[in-house]
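One structure is given here, and the rest of the page talks about it.
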2 protein chains.
Amino acid sequence: MGDSRRAVMGRPREFDIDQALERAMRVFWARGYEGASLTELTGAMGITKTSMYAAFGNKEQLFRKALQRYGAGPAAYATLALEEPTARAVALAFLRGAVCTTTPPGGPSGCLTVQGALASSEESRAVHDLLVDWRNDAGVRLEERFRRAVNEGDLPRNADPRRLARFIMTMGFGIAVQAANGLGPAELDEIVDTALIGWPA
Amino acid sequence: MGDSRRAVMGRPREFDIDQALERAMRVFWARGYEGASLTELTGAMGITKTSMYAAFGNKEQLFRKALQRYGAGPAAYATLALEEPTARAVALAFLRGAVCTTTPPGGPSGCLTVQGALASSEESRAVHDLLVDWRNDAGVRLEERFRRAVNEGDLPRNADPRRLARFIMTMGFGIAVQAANGLGPAELDEIVDTALIGWPA
DNA sequence: ACCGTTCTGCACCGACCGGTACTGAACTAA
DNA sequence: TTAGTTCAGTACCGGTCGGTGCAGAACGGT
């Protein structure tokens, strides 16, 4: 599990599993979970359906792996931002990271966790719920960081960490939609600046 | 076209076309364009596929009609808000309206135009683009309203109407995602208040 | 009565969906 | 060499997708 070293026996895999997962992630990113067909996925991965099923299990598990990769890669800003010294710096780093990730020069616009399955048919409810949890978790971690900021005196005593976290998350989601709408990084950064004007001293 | 009076000849339609469209709209709202199958749509509408095709043309045209109805009904707040006397009142009415519409007591959470087709497969690009235009139009109208507010002295001379409009739209989109995430109207209203703290005097 | 028109319901279309059985090929261990 | 194991490619599965052909029912006009 997660061992990049190949098992010793049997015919060796002829494709790079990391690269295949990266490409699958980009297809899910652009198309969403249901919009990404196995044909398009395996086509982008450069492998056959059989190989995909042998390596990843099924479409849903492939998506889960792709989501993991997304969290560790393009969406790592959400975790890294928490390490900024002040609450304001955290908020700014979070939103600037969102802008950066949702407007990659050569990749799909928007956020995988938002486009993935905002609305979905009944069969893929599992994936829908997975993404709801993913997004809510990010909010909770932000809230905890802001609570720490209040305790440290970095935020005013009367500031509401949960409220602030939800506000920043809302802006992050909105940025993802605006990026999908075609706005570029410069315009989105302006929006971020506007949003933080009223940030508590 | 749009005549609610029935044509005089031929067998009369046995269902209420307005009610059928309303129900189709709710299915699209909950499932998105691609996630809503004809089976579920016609099931909710209480008619057969044949009747749907005779009355609306095809799935895409049904969606277009449903989107029209959405704009005139649940999303009318976006237009009504423009009539508020001050820019701040416009922004507040817009966001409160978004909260209200995305958290209806008996209906689907979120915003039809956001969940409809944020990400989509290639075949439904037309619908995707339609929704992008719809969302951008809303932003442009808001921008024009704020520009008027600057001219009227309601907003400071140095305020940037486009930037403010984009900020409000971003909040609106974010609210839609948060509603789909399970947040209720009370929590979303708090977020709106937080967002408007820094609103230019 | 009869015709033209419009709506309904059923059965059906080809295409594509996610997923798999099966045949070999490519490898290690003995 | 042989057996055991794992991967690749083809061809296929049942099911569902959006969409239709067709027969008949329900109407107005004549």
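Letters for chains follow the order of the structure tokens (A, B, ...), residue numbers begin at 1 for each chain, and ligand numbers begin at 1 in the order shown.
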Contacts of chain B with chain C up to 8 Å, shortest pair per row, only C-alpha atoms (C1' of nucleotides), as CSV:
```
residue,atom,partner,partner_atom,distance
B:Met9,CA,C:DT5,C1',6.1
B:Gly10,CA,C:DT6,C1',4.0
B:Arg11,CA,C:DT6,C1',4.9
B:Pro12,CA,C:DC7,C1',6.5
B:Arg13,CA,C:DC7,C1',5.9
B:Glu14,CA,C:DC7,C1',7.9
B:Thr48,CA,C:DG9,C1',7.6
B:Thr50,CA,C:DT8,C1',7.7
B:Ser51,CA,C:DT8,C1',7.0
```
Create the file for the chosen residues now, containing C-alpha atoms and written as a PDB file, in the first residue's frame.
```pdb
ATOM      1  CA  MET B   9     -57.195  21.976 -32.649  1.00  0.00           C
ATOM      2  CA  GLY B  10     -56.071  18.479 -31.855  1.00  0.00           C
ATOM      3  CA  ARG B  11     -56.178  16.418 -28.713  1.00  0.00           C
ATOM      4  CA  PRO B  12     -55.810  18.638 -25.638  1.00  0.00           C
ATOM      5  CA  ARG B  13     -52.735  18.271 -23.433  1.00  0.00           C
ATOM      6  CA  GLU B  14     -53.542  16.244 -20.352  1.00  0.00           C
ATOM      7  CA  THR B  48     -43.937  10.159 -20.575  1.00  0.00           C
ATOM      8  CA  THR B  50     -42.928  11.284 -25.702  1.00  0.00           C
ATOM      9  CA  SER B  51     -45.027  14.004 -24.095  1.00  0.00           C
TER      10      SER B  51
END
```
How would you write, as an mmCIF file with C-alpha atoms, in the first residue's frame, the set of residues in chain B that DSSP gives as helix (DSSP H, G or I)?
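Generated file (out_19.cif):
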```cif
data_model
loop_
_atom_site.group_PDB
_atom_site.id
_atom_site.type_symbol
_atom_site.label_atom_id
_atom_site.label_comp_id
_atom_site.auth_asym_id
_atom_site.auth_seq_id
_atom_site.Cartn_x
_atom_site.Cartn_y
_atom_site.Cartn_z
ATOM 1 C CA ILE B 17 -47.185 22.418 -18.596
ATOM 2 C CA ASP B 18 -46.234 25.023 -15.985
ATOM 3 C CA GLN B 19 -46.362 22.525 -13.171
ATOM 4 C CA ALA B 20 -44.375 20.013 -15.219
ATOM 5 C CA LEU B 21 -41.705 22.632 -15.911
ATOM 6 C CA GLU B 22 -41.579 23.586 -12.239
ATOM 7 C CA ARG B 23 -40.937 19.972 -11.317
ATOM 8 C CA ALA B 24 -38.321 19.550 -14.013
ATOM 9 C CA MET B 25 -36.580 22.660 -12.708
ATOM 10 C CA ARG B 26 -36.353 21.150 -9.255
ATOM 11 C CA VAL B 27 -34.844 17.959 -10.604
ATOM 12 C CA PHE B 28 -32.225 19.903 -12.552
ATOM 13 C CA TRP B 29 -31.613 21.973 -9.431
ATOM 14 C CA ALA B 30 -30.918 18.916 -7.331
ATOM 15 C CA ARG B 31 -29.088 16.783 -9.894
ATOM 16 C CA LEU B 38 -34.901 11.728 -18.657
ATOM 17 C CA THR B 39 -36.357 8.913 -16.605
ATOM 18 C CA GLU B 40 -36.137 10.914 -13.375
ATOM 19 C CA LEU B 41 -37.221 14.128 -15.068
ATOM 20 C CA THR B 42 -40.322 12.714 -16.727
ATOM 21 C CA GLY B 43 -41.078 10.693 -13.610
ATOM 22 C CA ALA B 44 -41.164 13.875 -11.538
ATOM 23 C CA MET B 45 -43.095 15.705 -14.238
ATOM 24 C CA LYS B 49 -40.831 10.878 -22.571
ATOM 25 C CA THR B 50 -42.928 11.284 -25.702
ATOM 26 C CA SER B 51 -45.027 14.004 -24.095
ATOM 27 C CA MET B 52 -41.939 15.785 -22.846
ATOM 28 C CA TYR B 53 -40.384 15.774 -26.309
ATOM 29 C CA ALA B 54 -43.613 16.993 -27.880
ATOM 30 C CA ALA B 55 -43.943 19.821 -25.359
ATOM 31 C CA PHE B 56 -40.319 20.955 -24.892
ATOM 32 C CA LYS B 59 -33.512 17.685 -22.798
ATOM 33 C CA GLU B 60 -31.405 20.754 -23.498
ATOM 34 C CA GLN B 61 -34.407 22.894 -24.423
ATOM 35 C CA LEU B 62 -36.206 21.658 -21.343
ATOM 36 C CA PHE B 63 -33.246 22.817 -19.300
ATOM 37 C CA ARG B 64 -33.257 26.211 -21.003
ATOM 38 C CA LYS B 65 -36.929 26.630 -20.169
ATOM 39 C CA ALA B 66 -36.274 25.501 -16.620
ATOM 40 C CA LEU B 67 -33.445 28.025 -16.340
ATOM 41 C CA GLN B 68 -35.757 30.804 -17.545
ATOM 42 C CA ARG B 69 -38.263 29.805 -14.923
ATOM 43 C CA TYR B 70 -35.521 29.736 -12.316
ATOM 44 C CA GLY B 71 -34.451 33.237 -13.213
ATOM 45 C CA ALA B 72 -37.989 34.562 -13.043
ATOM 46 C CA TYR B 77 -33.816 38.302 -6.088
ATOM 47 C CA ALA B 78 -30.785 38.998 -8.278
ATOM 48 C CA THR B 79 -32.808 41.469 -10.317
ATOM 49 C CA LEU B 80 -34.975 42.825 -7.529
ATOM 50 C CA ALA B 81 -31.938 43.636 -5.412
ATOM 51 C CA LEU B 82 -30.787 46.138 -8.024
ATOM 52 C CA GLU B 83 -33.712 48.377 -7.141
ATOM 53 C CA ALA B 87 -25.202 50.175 -3.056
ATOM 54 C CA ARG B 88 -24.951 48.665 0.376
ATOM 55 C CA ALA B 89 -28.637 47.820 0.384
ATOM 56 C CA VAL B 90 -28.254 46.270 -3.066
ATOM 57 C CA ALA B 91 -25.360 44.113 -1.890
ATOM 58 C CA LEU B 92 -27.197 43.089 1.243
ATOM 59 C CA ALA B 93 -30.438 42.273 -0.578
ATOM 60 C CA PHE B 94 -28.506 40.323 -3.188
ATOM 61 C CA LEU B 95 -26.706 38.151 -0.670
ATOM 62 C CA ARG B 96 -29.720 37.710 1.603
ATOM 63 C CA GLY B 97 -31.659 36.670 -1.477
ATOM 64 C CA ALA B 98 -28.957 34.179 -2.366
ATOM 65 C CA VAL B 99 -29.131 32.704 1.121
ATOM 66 C CA CYS B 100 -32.899 32.458 0.948
ATOM 67 C CA THR B 101 -32.972 30.818 -2.472
ATOM 68 C CA THR B 102 -30.178 28.352 -1.811
ATOM 69 C CA LEU B 112 -29.289 25.740 -10.043
ATOM 70 C CA THR B 113 -26.924 27.842 -12.117
ATOM 71 C CA VAL B 114 -23.929 26.739 -10.051
ATOM 72 C CA GLN B 115 -24.774 23.065 -9.640
ATOM 73 C CA GLU B 122 -17.837 17.577 -23.824
ATOM 74 C CA GLU B 123 -21.339 16.866 -25.180
ATOM 75 C CA SER B 124 -23.026 19.326 -22.856
ATOM 76 C CA ARG B 125 -20.643 22.179 -23.436
ATOM 77 C CA ALA B 126 -23.534 24.228 -24.780
ATOM 78 C CA VAL B 127 -25.312 24.065 -21.443
ATOM 79 C CA HIS B 128 -22.074 24.745 -19.616
ATOM 80 C CA ASP B 129 -21.484 27.875 -21.661
ATOM 81 C CA LEU B 130 -25.084 28.960 -21.217
ATOM 82 C CA LEU B 131 -24.639 28.869 -17.450
ATOM 83 C CA VAL B 132 -21.312 30.689 -17.590
ATOM 84 C CA ASP B 133 -23.014 33.484 -19.515
ATOM 85 C CA TRP B 134 -25.939 33.505 -17.114
ATOM 86 C CA ARG B 135 -23.666 33.911 -14.106
ATOM 87 C CA ASN B 136 -21.506 36.531 -15.785
ATOM 88 C CA ASP B 137 -24.562 38.526 -16.836
ATOM 89 C CA ALA B 138 -25.645 38.738 -13.226
ATOM 90 C CA GLY B 139 -22.234 40.140 -12.364
ATOM 91 C CA VAL B 140 -22.379 42.714 -15.132
ATOM 92 C CA ARG B 141 -25.771 43.992 -13.993
ATOM 93 C CA LEU B 142 -24.457 44.313 -10.466
ATOM 94 C CA GLU B 143 -21.422 46.162 -11.761
ATOM 95 C CA GLU B 144 -23.606 48.635 -13.663
ATOM 96 C CA ARG B 145 -25.684 49.242 -10.579
ATOM 97 C CA PHE B 146 -22.580 49.973 -8.525
ATOM 98 C CA ARG B 147 -21.251 52.264 -11.236
ATOM 99 C CA ARG B 148 -24.471 54.217 -10.988
ATOM 100 C CA ALA B 149 -23.976 54.349 -7.232
ATOM 101 C CA VAL B 150 -20.553 55.916 -7.725
ATOM 102 C CA ASN B 151 -22.003 58.503 -10.084
ATOM 103 C CA PRO B 161 -17.678 49.055 -9.244
ATOM 104 C CA ARG B 162 -16.401 46.055 -11.176
ATOM 105 C CA ARG B 163 -14.313 44.889 -8.279
ATOM 106 C CA LEU B 164 -17.165 45.276 -5.821
ATOM 107 C CA ALA B 165 -19.546 43.454 -8.150
ATOM 108 C CA ARG B 166 -17.117 40.594 -8.565
ATOM 109 C CA PHE B 167 -16.678 40.393 -4.821
ATOM 110 C CA ILE B 168 -20.414 40.188 -4.235
ATOM 111 C CA MET B 169 -20.831 37.605 -6.994
ATOM 112 C CA THR B 170 -18.019 35.566 -5.488
ATOM 113 C CA MET B 171 -19.789 35.621 -2.150
ATOM 114 C CA GLY B 172 -23.006 34.579 -3.864
ATOM 115 C CA PHE B 173 -21.346 31.600 -5.507
ATOM 116 C CA GLY B 174 -19.639 30.664 -2.286
ATOM 117 C CA ILE B 175 -22.948 30.799 -0.454
ATOM 118 C CA ALA B 176 -24.396 28.405 -3.029
ATOM 119 C CA VAL B 177 -21.625 25.910 -2.348
ATOM 120 C CA GLN B 178 -21.944 26.327 1.407
ATOM 121 C CA ALA B 179 -25.677 25.714 1.127
ATOM 122 C CA ALA B 180 -24.984 22.540 -0.844
ATOM 123 C CA ASN B 181 -22.549 21.651 1.927
ATOM 124 C CA PRO B 185 -29.900 30.182 6.455
ATOM 125 C CA ALA B 186 -28.944 31.451 9.911
ATOM 126 C CA GLU B 187 -25.295 30.466 9.478
ATOM 127 C CA LEU B 188 -25.210 31.867 5.957
ATOM 128 C CA ASP B 189 -26.674 35.173 7.084
ATOM 129 C CA GLU B 190 -23.845 35.441 9.585
ATOM 130 C CA ILE B 191 -21.389 34.977 6.741
ATOM 131 C CA VAL B 192 -23.125 37.726 4.772
ATOM 132 C CA ASP B 193 -22.781 40.113 7.710
ATOM 133 C CA THR B 194 -19.118 39.263 8.001
ATOM 134 C CA ALA B 195 -18.579 39.852 4.314
#
```
**Item:** d(CA of Gly73 in chain B, CA of Leu118 in chain B) in Å
**Value:**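 Here the two named atoms are 21.3 Å from each other.
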Give one line per residue of chain D that approaches chain B to at most 10 Å, naming the two atoms of the closest pair and their distance in Å to one decimal, counting only C-alpha atoms (C1' of nucleotides); sort by chain then ascending residue number and deliver it as CSV.
```
residue,atom,partner,partner_atom,distance
D:DT16,C1',B:Ser37,CA,9.4
D:DC17,C1',B:Ser37,CA,7.8
D:DG18,C1',B:Leu38,CA,7.4
D:DG19,C1',B:Asn58,CA,8.2
D:DT20,C1',B:Thr50,CA,8.5
D:DA25,C1',B:Arg11,CA,8.1
D:DA26,C1',B:Arg11,CA,4.7
D:DC27,C1',B:Arg11,CA,4.3
D:DG28,C1',B:Met9,CA,5.2
D:DG29,C1',B:Met9,CA,8.8
```
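Pairwise distance (CA of Gly110 in chain B, CA of Pro200 in chain B) equals 28.4 Å.
CA of Ala119 in chain A to CA of Tyr33 in chain B spans 8.8 Å [interatomic distance, one decimal].
Ranking B:Gly153, B:Pro85, B:Pro108, B:Gly46 by their shortest atom-to-atom distance to chain A, with only C-alpha atoms included, puts B:Pro108 first.
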